[in-house]
Structures are given as C-alpha cells and as structure tokens.
$ cat input.cif   # mmCIF, C-alpha atoms
data_start
#
loop_
_atom_site.label_atom_id
_atom_site.label_comp_id
_atom_site.auth_asym_id
_atom_site.auth_seq_id
_atom_site.Cartn_x
_atom_site.Cartn_y
_atom_site.Cartn_z
CA MET R 1 -1.48 -23.34 -4.19
CA SER R 2 -0.70 -19.92 -5.51
CA GLU R 3 -2.60 -20.05 -8.75
CA SER R 4 -3.56 -16.49 -9.54
CA SER R 5 -7.02 -15.82 -10.83
CA THR R 6 -6.81 -15.74 -14.58
CA MET R 7 -9.59 -14.86 -16.92
CA ASP R 8 -11.05 -17.76 -18.78
CA GLY R 9 -9.68 -17.26 -22.22
CA PRO R 10 -10.92 -18.74 -25.45
CA GLY R 11 -11.72 -22.43 -25.14
CA GLY R 12 -8.90 -23.82 -27.22
CA PRO R 13 -5.31 -23.20 -26.19
CA ASP R 14 -6.05 -22.13 -22.60
CA ARG R 15 -8.09 -25.19 -21.89
CA ARG R 16 -5.54 -27.51 -23.40
CA ARG R 17 -2.81 -25.88 -21.36
CA ARG R 18 -4.79 -26.26 -18.17
CA LEU R 19 -5.61 -29.87 -18.89
CA ALA R 20 -1.96 -30.50 -19.64
CA ARG R 21 -1.02 -28.95 -16.31
CA LEU R 22 -3.59 -31.04 -14.49
CA ALA R 23 -2.50 -34.22 -16.21
CA TYR R 24 1.14 -33.52 -15.53
CA GLY R 25 0.49 -32.72 -11.90
CA ALA R 26 -1.76 -35.72 -11.44
CA PHE R 27 0.79 -38.02 -13.00
CA VAL R 28 3.69 -36.80 -10.92
CA GLY R 29 1.51 -36.71 -7.85
CA GLY R 30 0.01 -40.10 -8.48
CA VAL R 31 3.38 -41.69 -8.89
CA MET R 32 4.68 -40.09 -5.72
CA GLY R 33 1.56 -40.93 -3.75
CA PHE R 34 1.51 -44.49 -4.84
CA THR R 35 5.20 -44.95 -4.16
CA LEU R 36 4.86 -43.51 -0.70
CA THR R 37 1.96 -45.76 0.11
CA ALA R 38 3.63 -48.85 -1.29
CA LEU R 39 6.81 -48.11 0.65
CA ALA R 40 4.88 -47.61 3.85
CA LEU R 41 3.16 -50.94 3.45
CA GLN R 42 6.28 -52.77 2.36
CA TRP R 43 8.34 -51.46 5.18
CA LEU R 44 6.52 -53.25 7.91
CA GLY R 45 5.92 -56.25 5.71
CA THR R 46 2.15 -56.10 5.82
CA ALA R 47 -0.18 -57.82 3.44
CA ALA R 48 -1.46 -56.35 0.18
CA PRO R 49 -4.41 -53.88 0.34
CA ALA R 50 -6.92 -56.69 -0.14
CA THR R 51 -7.72 -56.95 3.55
CA LEU R 52 -8.04 -53.28 4.43
CA THR R 53 -10.97 -51.85 6.34
CA LEU R 54 -12.89 -48.88 5.00
CA PHE R 55 -11.05 -46.40 7.20
CA GLN R 56 -7.67 -47.86 6.39
CA GLY R 57 -8.58 -47.41 2.76
CA ILE R 58 -9.56 -43.79 3.32
CA ALA R 59 -6.35 -43.22 5.23
CA LEU R 60 -4.40 -44.53 2.26
CA ILE R 61 -6.31 -42.21 -0.07
CA ILE R 62 -5.40 -39.29 2.17
CA THR R 63 -1.80 -40.50 2.11
CA ALA R 64 -1.79 -40.57 -1.66
CA ALA R 65 -3.48 -37.19 -2.04
CA THR R 66 -1.40 -35.30 0.51
CA GLY R 67 1.74 -37.06 -0.66
CA ALA R 68 1.03 -36.11 -4.23
CA ILE R 69 0.16 -32.47 -3.60
CA GLY R 70 2.91 -32.05 -1.03
CA GLY R 71 5.43 -33.59 -3.37
CA ILE R 72 4.46 -31.27 -6.20
CA MET R 73 4.68 -28.24 -3.95
CA VAL R 74 8.13 -29.14 -2.69
CA ALA R 75 9.26 -29.88 -6.24
CA MET R 76 7.97 -26.49 -7.37
CA SER R 77 9.86 -24.83 -4.57
CA PHE R 78 13.08 -26.16 -6.02
CA SER R 79 12.31 -25.76 -9.68
CA ARG R 80 11.39 -22.37 -11.08
CA ARG R 81 10.42 -23.99 -14.35
CA LEU R 82 7.96 -26.32 -12.67
CA TYR R 83 6.51 -23.38 -10.77
CA ASN R 84 6.01 -21.40 -13.95
CA ILE R 85 4.22 -24.28 -15.63
CA GLU R 86 1.69 -24.35 -12.81
CA ASN R 87 1.30 -20.63 -12.35
CA GLN R 88 0.48 -18.75 -15.49
CA SER R 89 -0.98 -15.32 -15.06
CA ASP R 90 -1.09 -11.97 -16.83
CA GLU R 91 0.14 -10.31 -13.70
CA SER R 92 2.83 -12.85 -12.91
CA ASP R 93 5.97 -11.35 -11.64
CA PRO R 94 9.34 -12.99 -12.26
CA GLU R 95 10.59 -12.01 -8.84
CA GLU R 96 7.67 -13.52 -7.01
CA TYR R 97 9.16 -17.01 -7.17
CA GLY R 98 11.76 -16.03 -4.58
CA ASP R 99 9.01 -15.27 -2.09
CA ALA R 100 6.67 -18.07 -3.10
CA ALA R 101 9.28 -20.84 -2.97
CA PRO R 102 9.73 -20.95 0.83
CA LEU R 103 5.96 -20.93 1.34
CA LEU R 104 5.58 -23.82 -1.07
CA ARG R 105 8.38 -25.70 0.59
CA PHE R 106 6.91 -25.44 4.07
CA ALA R 107 3.36 -26.13 2.98
CA GLY R 108 4.52 -29.06 0.90
CA THR R 109 6.62 -30.44 3.73
CA GLY R 110 3.63 -30.25 6.04
CA LEU R 111 1.53 -32.18 3.56
CA LEU R 112 4.23 -34.81 3.10
CA ALA R 113 4.33 -35.22 6.87
CA THR R 114 0.56 -35.69 6.78
CA ALA R 115 1.08 -38.37 4.17
CA VAL R 116 3.53 -40.18 6.42
CA GLN R 117 1.13 -39.80 9.35
CA PHE R 118 -1.73 -41.41 7.46
CA ALA R 119 0.39 -44.11 5.89
CA ALA R 120 1.41 -45.08 9.40
CA LEU R 121 -2.18 -44.85 10.65
CA ALA R 122 -3.38 -47.07 7.84
CA LEU R 123 -1.20 -49.94 8.91
CA PRO R 124 -2.93 -52.66 10.86
CA PRO R 125 -1.49 -52.55 14.36
CA GLU R 126 0.91 -55.45 14.59
CA ARG R 127 2.33 -56.46 17.92
CA GLY R 128 5.63 -54.69 18.46
CA ALA R 129 5.20 -52.44 15.44
CA GLY R 130 3.99 -49.69 17.77
CA ASP R 131 7.59 -49.10 18.86
CA ILE R 132 8.37 -47.83 15.38
CA VAL R 133 5.03 -46.56 14.15
CA LEU R 134 4.09 -44.41 17.13
CA PRO R 135 7.31 -42.35 17.20
CA LEU R 136 6.99 -42.01 13.43
CA ILE R 137 3.52 -40.53 13.79
CA MET R 138 4.67 -38.19 16.52
CA ALA R 139 7.57 -37.06 14.39
CA ALA R 140 5.20 -36.43 11.49
CA LEU R 141 2.96 -34.35 13.75
CA LEU R 142 5.90 -32.31 14.99
CA VAL R 143 6.98 -31.64 11.43
CA GLN R 144 3.46 -30.44 10.59
CA LEU R 145 3.47 -28.14 13.60
CA TRP R 146 6.87 -26.73 12.72
CA ALA R 147 5.93 -26.26 9.06
CA ASN R 148 2.72 -24.44 9.98
CA TRP R 149 4.63 -22.18 12.35
CA GLN R 150 7.15 -21.33 9.63
CA LEU R 151 4.32 -20.61 7.22
CA TRP R 152 2.65 -18.28 9.70
CA GLN R 153 5.86 -16.34 10.26
CA ARG R 154 6.19 -15.78 6.54
CA SER R 155 2.57 -14.88 5.93
CA ASP R 156 1.43 -11.37 5.15
CA GLU R 157 -1.91 -9.95 6.24
CA LEU R 158 -3.99 -11.58 3.54
CA ARG R 159 -2.57 -15.01 4.09
CA ARG R 160 -2.96 -14.68 7.83
CA ALA R 161 -6.56 -13.58 7.47
CA VAL R 162 -7.27 -16.53 5.20
CA THR R 163 -5.53 -18.93 7.58
CA LEU R 164 -7.49 -17.67 10.56
CA GLU R 165 -10.79 -17.85 8.71
CA GLY R 166 -10.13 -21.43 7.68
CA ALA R 167 -9.09 -22.38 11.18
CA ALA R 168 -12.21 -20.87 12.74
CA ILE R 169 -14.51 -22.67 10.36
CA ALA R 170 -12.61 -25.93 10.80
CA LEU R 171 -12.84 -25.66 14.57
CA ALA R 172 -16.58 -25.05 14.47
CA ALA R 173 -17.05 -27.97 12.11
CA ILE R 174 -14.97 -30.32 14.25
CA ILE R 175 -16.78 -29.36 17.45
CA LEU R 176 -20.13 -29.91 15.79
CA ILE R 177 -19.16 -33.27 14.32
CA ILE R 178 -17.63 -34.69 17.48
CA SER R 179 -20.50 -33.37 19.60
CA LEU R 180 -22.99 -35.23 17.44
CA TRP R 181 -20.85 -38.32 17.08
CA ALA R 182 -20.14 -38.91 20.74
CA PRO R 183 -23.75 -39.25 21.96
CA LEU R 184 -24.61 -41.39 18.94
CA ALA R 185 -21.74 -43.67 19.87
CA ILE R 186 -22.68 -43.67 23.54
CA TYR R 187 -26.15 -44.90 22.63
CA GLY R 188 -24.70 -47.52 20.36
CA HIS R 189 -25.90 -46.19 17.03
CA VAL R 190 -22.43 -45.84 15.56
CA GLY R 191 -18.90 -46.87 16.39
CA PHE R 192 -16.23 -44.49 17.58
CA ASP R 193 -13.22 -45.85 15.82
CA PRO R 194 -10.08 -43.77 16.59
CA LEU R 195 -8.89 -43.96 13.00
CA ALA R 196 -12.27 -42.67 11.83
CA VAL R 197 -12.04 -39.80 14.33
CA VAL R 198 -8.62 -38.64 13.16
CA ILE R 199 -9.69 -38.92 9.54
CA VAL R 200 -12.79 -36.82 10.11
CA ILE R 201 -10.88 -34.19 12.06
CA THR R 202 -8.20 -33.96 9.41
CA LEU R 203 -10.71 -33.66 6.58
CA ALA R 204 -12.72 -31.10 8.53
CA ASN R 205 -9.52 -29.09 8.75
CA LEU R 206 -8.37 -29.51 5.17
CA VAL R 207 -11.63 -28.88 3.35
CA PRO R 208 -12.51 -25.42 4.75
CA SER R 209 -8.98 -24.14 4.31
CA LEU R 210 -8.85 -25.34 0.71
CA TRP R 211 -12.26 -23.73 0.06
CA ILE R 212 -11.29 -20.40 1.57
CA THR R 213 -7.99 -20.36 -0.29
CA HIS R 214 -9.93 -20.95 -3.48
CA ARG R 215 -12.48 -18.21 -2.65
CA ARG R 216 -9.74 -15.69 -2.06
CA GLY R 217 -8.29 -16.49 -5.43
CA LEU R 218 -4.96 -17.50 -4.02
CA MET E 1 -15.75 0.24 -0.72
CA GLN E 2 -14.57 1.38 -4.09
CA ASN E 3 -10.89 1.42 -4.76
CA GLN E 4 -8.73 3.12 -7.34
CA LEU E 5 -5.66 1.12 -6.51
CA LYS E 6 -5.16 -0.47 -9.90
CA ALA E 7 -5.68 2.72 -11.85
CA LEU E 8 -3.26 4.69 -9.74
CA ARG E 9 -0.72 1.89 -9.64
CA VAL E 10 -0.74 1.53 -13.41
CA ALA E 11 -0.50 5.29 -13.79
CA LYS E 12 2.67 5.14 -11.76
CA GLY E 13 3.97 2.42 -14.04
CA TRP E 14 4.22 -0.22 -11.36
CA SER E 15 3.36 -3.87 -11.57
CA GLN E 16 1.46 -5.55 -8.76
CA GLY E 17 4.68 -7.19 -7.72
CA GLU E 18 6.45 -3.86 -7.58
CA LEU E 19 3.83 -2.32 -5.32
CA ALA E 20 3.76 -5.48 -3.23
CA ARG E 21 7.48 -5.37 -2.63
CA ARG E 22 7.44 -1.72 -1.68
CA THR E 23 4.62 -2.19 0.80
CA GLY E 24 5.91 -5.44 2.26
CA VAL E 25 3.11 -7.76 1.23
CA THR E 26 2.72 -10.43 -1.44
CA ARG E 27 1.52 -9.82 -4.94
CA GLN E 28 -1.53 -11.96 -4.17
CA THR E 29 -2.54 -9.44 -1.55
CA ILE E 30 -2.34 -6.49 -3.95
CA ASN E 31 -4.22 -8.55 -6.50
CA ALA E 32 -6.91 -9.43 -3.98
CA VAL E 33 -7.31 -5.80 -2.93
CA GLU E 34 -7.57 -4.61 -6.53
CA GLY E 35 -10.10 -7.32 -7.29
CA ASP E 36 -12.23 -6.33 -4.29
CA LYS E 37 -11.67 -9.72 -2.70
CA TYR E 38 -9.93 -8.37 0.35
CA ASP E 39 -10.21 -5.23 2.44
CA PRO E 40 -6.68 -4.05 3.16
CA SER E 41 -5.65 -3.19 6.68
CA LEU E 42 -5.39 0.48 7.56
CA PRO E 43 -1.56 0.42 7.59
CA LEU E 44 -1.43 -1.20 4.16
CA ALA E 45 -3.94 1.27 2.74
CA MET E 46 -1.97 4.20 4.13
CA ARG E 47 1.30 2.90 2.75
CA CYS E 48 -0.18 2.41 -0.69
CA ALA E 49 -1.60 5.93 -0.57
CA ARG E 50 1.72 7.39 0.48
CA LEU E 51 3.64 5.53 -2.21
CA LEU E 52 1.17 6.55 -4.89
CA GLY E 53 1.16 10.12 -3.65
CA VAL E 54 -2.54 10.48 -2.95
CA PRO E 55 -4.73 10.78 0.14
CA VAL E 56 -6.13 7.51 1.44
CA GLU E 57 -9.64 8.78 0.72
CA THR E 58 -8.78 9.05 -2.97
CA LEU E 59 -7.55 5.50 -3.06
CA PHE E 60 -10.41 3.99 -1.10
CA THR E 61 -13.84 5.54 -1.12
CA ASP E 62 -16.42 4.74 1.50
CA ILE E 63 -19.94 5.87 0.73
CA TRP E 64 -20.91 6.38 4.37
CA GLU E 65 -21.95 9.86 5.49
CA PRO E 66 -22.25 11.05 9.09
CA GLU E 67 -25.83 11.49 10.28
CA GLU E 68 -26.96 15.07 10.40
CA GLU E 69 -27.51 16.41 13.89
CA GLY E 70 -31.23 17.14 14.54
CA MET N 1 10.92 -8.92 2.49
CA PHE N 2 9.41 -10.29 5.66
CA VAL N 3 11.42 -8.18 8.01
CA SER N 4 10.36 -5.72 10.64
CA ASP N 5 9.00 -3.15 8.20
CA SER N 6 6.57 -5.60 6.67
CA LEU N 7 2.92 -5.76 7.53
CA THR N 8 3.15 -9.21 9.01
CA HIS N 9 3.94 -7.97 12.45
CA ARG N 10 1.14 -6.41 14.40
CA ASP N 11 3.51 -5.12 17.03
CA GLN N 12 3.44 -1.86 15.15
CA ARG N 13 0.25 -0.17 16.16
CA LEU N 14 -0.46 3.07 14.44
CA GLN N 15 -0.48 6.06 16.73
CA ASN N 16 -3.90 7.57 16.80
CA ARG N 17 -5.40 10.91 17.66
CA LEU N 18 -8.91 9.59 18.00
CA LYS N 19 -9.28 10.46 21.66
CA GLU N 20 -8.19 14.08 21.16
CA HIS N 21 -10.70 14.67 18.42
CA ARG N 22 -13.40 12.95 20.39
CA LEU N 23 -12.77 15.03 23.50
CA ALA N 24 -12.61 18.20 21.42
CA ARG N 25 -16.24 17.51 20.54
CA GLY N 26 -17.15 16.66 24.08
CA TRP N 27 -18.19 13.14 23.19
CA SER N 28 -17.93 10.06 25.33
CA GLN N 29 -16.60 6.83 23.85
CA GLY N 30 -20.16 5.56 23.73
CA GLN N 31 -21.34 8.59 21.79
CA LEU N 32 -18.54 8.28 19.29
CA ALA N 33 -19.29 4.59 18.95
CA GLU N 34 -22.89 5.41 18.15
CA GLU N 35 -21.90 7.98 15.56
CA LEU N 36 -19.66 5.45 13.87
CA ASP N 37 -21.99 2.49 14.23
CA VAL N 38 -19.65 0.35 16.29
CA THR N 39 -19.51 -0.74 19.91
CA ARG N 40 -17.94 1.24 22.69
CA GLN N 41 -15.47 -1.61 23.19
CA THR N 42 -14.15 -1.06 19.70
CA ILE N 43 -13.61 2.66 20.27
CA ASN N 44 -11.94 1.91 23.57
CA ALA N 45 -9.68 -0.71 22.03
CA VAL N 46 -8.63 1.65 19.26
CA GLU N 47 -7.94 4.54 21.63
CA THR N 48 -5.87 2.38 23.97
CA ASP N 49 -3.81 1.02 21.10
CA ARG N 50 -5.03 -2.53 21.44
CA TYR N 51 -6.62 -2.65 18.03
CA ASP N 52 -5.96 -1.20 14.60
CA PRO N 53 -9.29 -0.10 13.17
CA SER N 54 -10.43 -1.44 9.86
CA LEU N 55 -10.05 0.77 6.82
CA PRO N 56 -13.78 1.55 6.60
CA LEU N 57 -13.91 2.54 10.26
CA ALA N 58 -10.87 4.78 9.88
CA LEU N 59 -12.35 6.45 6.79
CA ARG N 60 -15.60 7.08 8.62
CA ALA N 61 -13.91 8.51 11.67
CA ALA N 62 -11.91 10.84 9.47
CA LYS N 63 -15.01 11.91 7.59
CA LEU N 64 -16.88 12.44 10.84
CA PHE N 65 -14.19 14.69 12.27
CA GLY N 66 -13.58 16.37 8.93
CA VAL N 67 -9.88 15.62 8.87
CA PRO N 68 -7.64 13.51 6.60
CA VAL N 69 -7.12 9.94 7.69
CA GLU N 70 -3.42 10.63 8.05
CA ALA N 71 -4.23 13.25 10.70
CA LEU N 72 -6.10 10.71 12.78
CA PHE N 73 -3.75 7.76 12.38
CA LEU N 74 -0.03 8.23 12.25
CA ASP N 75 2.17 5.75 10.49
CA ASP N 76 5.86 6.40 10.88
CA TRP N 77 6.75 3.99 8.10
CA MET N 78 8.98 5.42 5.39
CA PRO N 79 8.98 4.16 1.80
CA LYS N 80 11.91 1.82 1.27
CA GLU N 81 14.65 2.83 -1.07
CA ARG N 82 14.73 0.52 -4.05
CA ARG N 83 17.20 -2.23 -3.27
#

$ encode --input "input.cif" --output "structure tokens"
Amino acid sequence: MSESSTMDGPGGPDRRRRLARLAYGAFVGGVMGFTLTALALQWLGTAAPATLTLFQGIALIITAATGAIGGIMVAMSFSRRLYNIENQSDESDPEEYGDAAPLLRFAGTGLLATAVQFAALALPPERGAGDIVLPLIMAALLVQLWANWQLWQRSDELRRAVTLEGAAIALAAIILIISLWAPLAIYGHVGFDPLAVVIVITLANLVPSLWITHRRGL
Amino acid sequence: MQNQLKALRVAKGWSQGELARRTGVTRQTINAVEGDKYDPSLPLAMRCARLLGVPVETLFTDIWEPEEEG
Amino acid sequence: MFVSDSLTHRDQRLQNRLKEHRLARGWSQGQLAEELDVTRQTINAVETDRYDPSLPLALRAAKLFGVPVEALFLDDWMPKERR
C-alpha cells in the first residue's frame, strides 16, 4: 500500500491516529474477509469450519487476509476520503490520488481474486462440485494475471524495479522449497498435499514482495 | 552517491508531486530518490537535471575518480 | 501521465557517444571496461543500445572522458508544458 514514510512524531496524537487507522482498516477488512469466507462456504452448502484440516484452515486465513486487504484497497480507489485517512504524509500531494487510485484498484482486485481462489480451494472436494469450483478458480487466476499485467503497464521505474526484485526473490524461494520438499516426500518423510503446495507457493510469493515494498518505503 | 535533488527542487519551489508529474514518474519515486532509497535511472536523472537547470553531476555526485595512468 | 513520454517504457534508449570517445582514445571495449570497473559485456551492451547504463556508470564514464554526461548520452526528451 502506498503509505509514504513519515517521521515518527511525538507519541501521543500520531500514535493514536495510526492505531485508529489500523483498527478501522482491520474492522472493515475483517468484516469483508469473514463475509467472503462465510459466503463461500454457504454457497456450496458445506459444513461449518469444525471439520477443516490444517491446510483448509490456512487457506481460509489467506482468504480472509487477502479479501480484507483487497477490499480496503478497492474501497480506497473509489473513495478519496478513505485514501486520505490511510495515507497521511508531509509530502502528500492532492493530485496524487488520481494516479494512485487505478493502481489500488488493480492491486485490490488481484487480491480479491486471490481470496476467491483460496475460498474455493478451502472447500472439501464434493462430488460434482468440481464443475463449479474449478472454473471459478481458473477465472480467479485469470483475473489475477490480468490485474498484474495492468499494474505493470502503469508502473514507473521504481515500482517496476521493486516488482522485479520481489519476483526474483520469490522465485528463488519457491525453487528452494519445492526442491527440498519433493525428495522428502519421495522418501516418505512428509506428505505432498496439493493444497499445501499452492499455499506455500502463494505465501512465498506474497511475503518477499510485501517485505520489499516495505523496505522501499512505498 | 550523494544527491542534491531535494535542495534544488525546493529552491525551485516545487513539491515532490510537481517534479514527479513533470518527469513522468510517481511521487514515491522522487521521494525514494531524495531519501537515498533508490538510484534513479540515467534518463530520470537527466530529466530532473534539465528541469532544475543544472548539470547532472551537480545533482548527483559520485565520489569515484579515474585511476591515474602509470 | 503514463503515456509515451513517461519513463515506464524502455523502448526509448538514450543515444550514446560512448564508442566515439572510446575510439578517440584508442581503447578497446575491454580496456574501457577495465577503466570503469565493469565487464566488457556491459560496455558492449551500452554501445549497441541494448542497455541503458546506470547513473553511477554514466557519471564515471563522463568523468573519465572529461565531458559532461549530456555530451555522452543524448536524451531528446523535452520538458512538458504545464497542462
């Protein structure tokens, strides 16, 4: 998210404002995330979360988190006021919203698509449900691809450099992880659950890019 | 590399956003350059220099010196 | 903002006079690379317009040849009129 690097001001008002922002964002995000998850589960009439496996649980957490953050980003892209609440800075520029909004919209849309993808992945595979769930996942993946392409087109040199750095690190991490995992699975030390694989790959992609974005003060 | 971007930008009376718009990048990029978090590309550096009316070497100083021939 | 004059599109390579200055000194690409502390491949890529040098490299090349950076690398971009 485009939170400019601000100096840490005096403890009082700045801290309260930041906590308020966090609380507000978490609340909105939490509500959205939970709703999305609940809808996903309801829709195919599955049981309550009591009987979920570990990886299904993690998938639902990813759904909630990406749904929440994605939802906030899309909301900010439509509401200048919301954007301003989240982005206070001495150097803030009133005209920057016009350029930031499309980026937020595409990034947020991509994250929402990820939420849909993982909500669908979290569902226990019922017979016949694959006819609906599989196309849904593919559609979500296509949306992510499209959103990332749109983001790239609209990225200037800094953002492109950051994107490429994150991607390179993510790729190295994923190759390392899978290369270790496969032989361990072959020799029976661990399982090789497909859901676990996609979760690990997704997290390996998300974490470095979030870290790099943070390092660059974006 | 040391850079005088902020000083010269402020002297011209421009905000980061203003300079960003004129050079075709985002304000975050100008901010990152000024904060030494990002080395600008050569084209960006040259455009900033041209807009601020100074040579590139004034804007960005590299402390390297060529080796003396023996 | 993100139109053809922006810096998002790398299809605009700067024109460079690196080769001329190098030849004027009678240096090979390898020799120039050594002077500038880079590989010959980098010098070659810059001279054949396949790669825009980094800012530090450009500054060093200019300092080495004793010319302004703008004399080595030509950018035909013009400042936009305020919309």

$ resolve_selection --input "input.cif" --expression "the PyMOL selection byres ((chain R) within 7 of (chain N))" --output "ChimeraX atom specification"
/R:154-157

$ resolve_selection --input "input.cif" --expression "the PyMOL selection byres ((chain E) within 10 of (chain R))" --output "PDB file with C-alpha atoms, keeping the file's coordinate frame"
ATOM      1  CA  SER E  15       3.360  -3.870 -11.570  1.00  0.00           C
ATOM      2  CA  GLN E  16       1.460  -5.550  -8.760  1.00  0.00           C
ATOM      3  CA  GLY E  17       4.680  -7.190  -7.720  1.00  0.00           C
ATOM      4  CA  GLU E  18       6.450  -3.860  -7.580  1.00  0.00           C
ATOM      5  CA  ALA E  20       3.760  -5.480  -3.230  1.00  0.00           C
ATOM      6  CA  ARG E  21       7.480  -5.370  -2.630  1.00  0.00           C
ATOM      7  CA  GLY E  24       5.910  -5.440   2.260  1.00  0.00           C
ATOM      8  CA  VAL E  25       3.110  -7.760   1.230  1.00  0.00           C
ATOM      9  CA  THR E  26       2.720 -10.430  -1.440  1.00  0.00           C
ATOM     10  CA  ARG E  27       1.520  -9.820  -4.940  1.00  0.00           C
ATOM     11  CA  GLN E  28      -1.530 -11.960  -4.170  1.00  0.00           C
ATOM     12  CA  THR E  29      -2.540  -9.440  -1.550  1.00  0.00           C
ATOM     13  CA  ILE E  30      -2.340  -6.490  -3.950  1.00  0.00           C
ATOM     14  CA  ASN E  31      -4.220  -8.550  -6.500  1.00  0.00           C
ATOM     15  CA  ALA E  32      -6.910  -9.430  -3.980  1.00  0.00           C
ATOM     16  CA  VAL E  33      -7.310  -5.800  -2.930  1.00  0.00           C
ATOM     17  CA  GLY E  35     -10.100  -7.320  -7.290  1.00  0.00           C
ATOM     18  CA  ASP E  36     -12.230  -6.330  -4.290  1.00  0.00           C
ATOM     19  CA  LYS E  37     -11.670  -9.720  -2.700  1.00  0.00           C
ATOM     20  CA  TYR E  38      -9.930  -8.370   0.350  1.00  0.00           C
ATOM     21  CA  ASP E  39     -10.210  -5.230   2.440  1.00  0.00           C
ATOM     22  CA  PRO E  40      -6.680  -4.050   3.160  1.00  0.00           C
ATOM     23  CA  SER E  41      -5.650  -3.190   6.680  1.00  0.00           C
ATOM     24  CA  LEU E  44      -1.430  -1.200   4.160  1.00  0.00           C
TER      25      LEU E  44
END

$ interface_residues --input "input.cif" --of "chain E" --to "chain N" --cutoff "8 Å" --atoms "only C-alpha atoms" --output "PyMOL selection string"
chain E and resi 1+21-25+39-47+51+55-57+62+64-67

$ closest_residue --input "input.cif" --among "E:Ile63, E:Lys12, E:Gln4, E:Leu19" --to "Cys48 of chain E" --atoms "only C-alpha atoms"
E:Leu19

$ residues_around --input "input.cif" --residues "Met73 of chain R" --least-positions-apart "6" --cutoff "8 Å" --atoms "all atoms listed in the file" --output "ChimeraX atom specification"
/R:1,104-105,107-108

$ resolve_selection --input "input.cif" --expression "the PyMOL selection byres ((chain R and resi 75) around 12)" --output "JSON, numbers by chain"
{"R": [25, 28, 29, 32, 67, 68, 69, 70, 71, 72, 73, 74, 76, 77, 78, 79, 80, 81, 82, 83, 84, 86, 101, 102, 104, 105, 106, 107, 108, 109, 112]}

$ decode --input "input.cif" --residues "segment 37-44 of chain N" --atoms "all heavy atoms" --output "mmCIF file, in the first residue's frame"
data_model
loop_
_atom_site.group_PDB
_atom_site.id
_atom_site.type_symbol
_atom_site.label_atom_id
_atom_site.label_comp_id
_atom_site.auth_asym_id
_atom_site.auth_seq_id
_atom_site.Cartn_x
_atom_site.Cartn_y
_atom_site.Cartn_z
ATOM 1 N N ASP N 37 35.620 -0.363 -14.382
ATOM 2 C CA ASP N 37 35.305 -1.398 -13.382
ATOM 3 C C ASP N 37 34.002 -2.151 -13.678
ATOM 4 O O ASP N 37 33.216 -2.435 -12.771
ATOM 5 C CB ASP N 37 35.181 -0.742 -11.998
ATOM 6 C CG ASP N 37 35.863 -1.599 -10.945
ATOM 7 O OD1 ASP N 37 36.277 -2.725 -11.283
ATOM 8 O OD2 ASP N 37 35.940 -1.141 -9.800
ATOM 9 N N VAL N 38 33.775 -2.408 -14.943
ATOM 10 C CA VAL N 38 32.635 -3.240 -15.336
ATOM 11 C C VAL N 38 33.135 -4.303 -16.304
ATOM 12 O O VAL N 38 34.309 -4.353 -16.629
ATOM 13 C CB VAL N 38 31.511 -2.418 -16.013
ATOM 14 C CG1 VAL N 38 30.852 -1.470 -15.030
ATOM 15 C CG2 VAL N 38 32.028 -1.673 -17.230
ATOM 16 N N THR N 39 32.221 -5.131 -16.774
ATOM 17 C CA THR N 39 32.626 -6.162 -17.736
ATOM 18 C C THR N 39 32.539 -5.621 -19.145
ATOM 19 O O THR N 39 31.851 -4.642 -19.428
ATOM 20 C CB THR N 39 31.713 -7.399 -17.634
ATOM 21 O OG1 THR N 39 30.383 -7.006 -17.967
ATOM 22 C CG2 THR N 39 31.761 -8.002 -16.250
ATOM 23 N N ARG N 40 33.252 -6.301 -20.032
ATOM 24 C CA ARG N 40 33.218 -5.903 -21.439
ATOM 25 C C ARG N 40 31.812 -6.023 -22.002
ATOM 26 O O ARG N 40 31.390 -5.238 -22.851
ATOM 27 C CB ARG N 40 34.202 -6.764 -22.239
ATOM 28 C CG ARG N 40 34.489 -6.226 -23.640
ATOM 29 C CD ARG N 40 35.159 -7.273 -24.505
ATOM 30 N NE ARG N 40 34.266 -8.402 -24.770
ATOM 31 C CZ ARG N 40 33.276 -8.370 -25.655
ATOM 32 N NH1 ARG N 40 33.047 -7.270 -26.363
ATOM 33 N NH2 ARG N 40 32.516 -9.422 -25.826
ATOM 34 N N GLN N 41 31.081 -7.027 -21.520
ATOM 35 C CA GLN N 41 29.703 -7.222 -21.995
ATOM 36 C C GLN N 41 28.847 -5.990 -21.725
ATOM 37 O O GLN N 41 27.993 -5.619 -22.538
ATOM 38 C CB GLN N 41 29.049 -8.432 -21.308
ATOM 39 C CG GLN N 41 29.483 -9.769 -21.850
ATOM 40 C CD GLN N 41 30.826 -10.202 -21.330
ATOM 41 O OE1 GLN N 41 31.435 -9.519 -20.508
ATOM 42 N NE2 GLN N 41 31.295 -11.335 -21.802
ATOM 43 N N THR N 42 29.069 -5.383 -20.580
ATOM 44 C CA THR N 42 28.295 -4.190 -20.240
ATOM 45 C C THR N 42 28.609 -3.058 -21.217
ATOM 46 O O THR N 42 27.696 -2.409 -21.732
ATOM 47 C CB THR N 42 28.608 -3.746 -18.797
ATOM 48 O OG1 THR N 42 28.328 -4.827 -17.914
ATOM 49 C CG2 THR N 42 27.797 -2.536 -18.412
ATOM 50 N N ILE N 43 29.894 -2.829 -21.467
ATOM 51 C CA ILE N 43 30.278 -1.767 -22.401
ATOM 52 C C ILE N 43 29.681 -2.049 -23.778
ATOM 53 O O ILE N 43 29.136 -1.153 -24.428
ATOM 54 C CB ILE N 43 31.813 -1.664 -22.504
ATOM 55 C CG1 ILE N 43 32.415 -1.316 -21.145
ATOM 56 C CG2 ILE N 43 32.218 -0.644 -23.549
ATOM 57 C CD1 ILE N 43 31.961 0.029 -20.601
ATOM 58 N N ASN N 44 29.775 -3.300 -24.188
ATOM 59 C CA ASN N 44 29.234 -3.678 -25.491
ATOM 60 C C ASN N 44 27.736 -3.434 -25.555
ATOM 61 O O ASN N 44 27.223 -2.890 -26.532
ATOM 62 C CB ASN N 44 29.538 -5.155 -25.764
ATOM 63 C CG ASN N 44 29.142 -5.541 -27.164
ATOM 64 O OD1 ASN N 44 29.455 -4.837 -28.114
ATOM 65 N ND2 ASN N 44 28.421 -6.632 -27.316
#
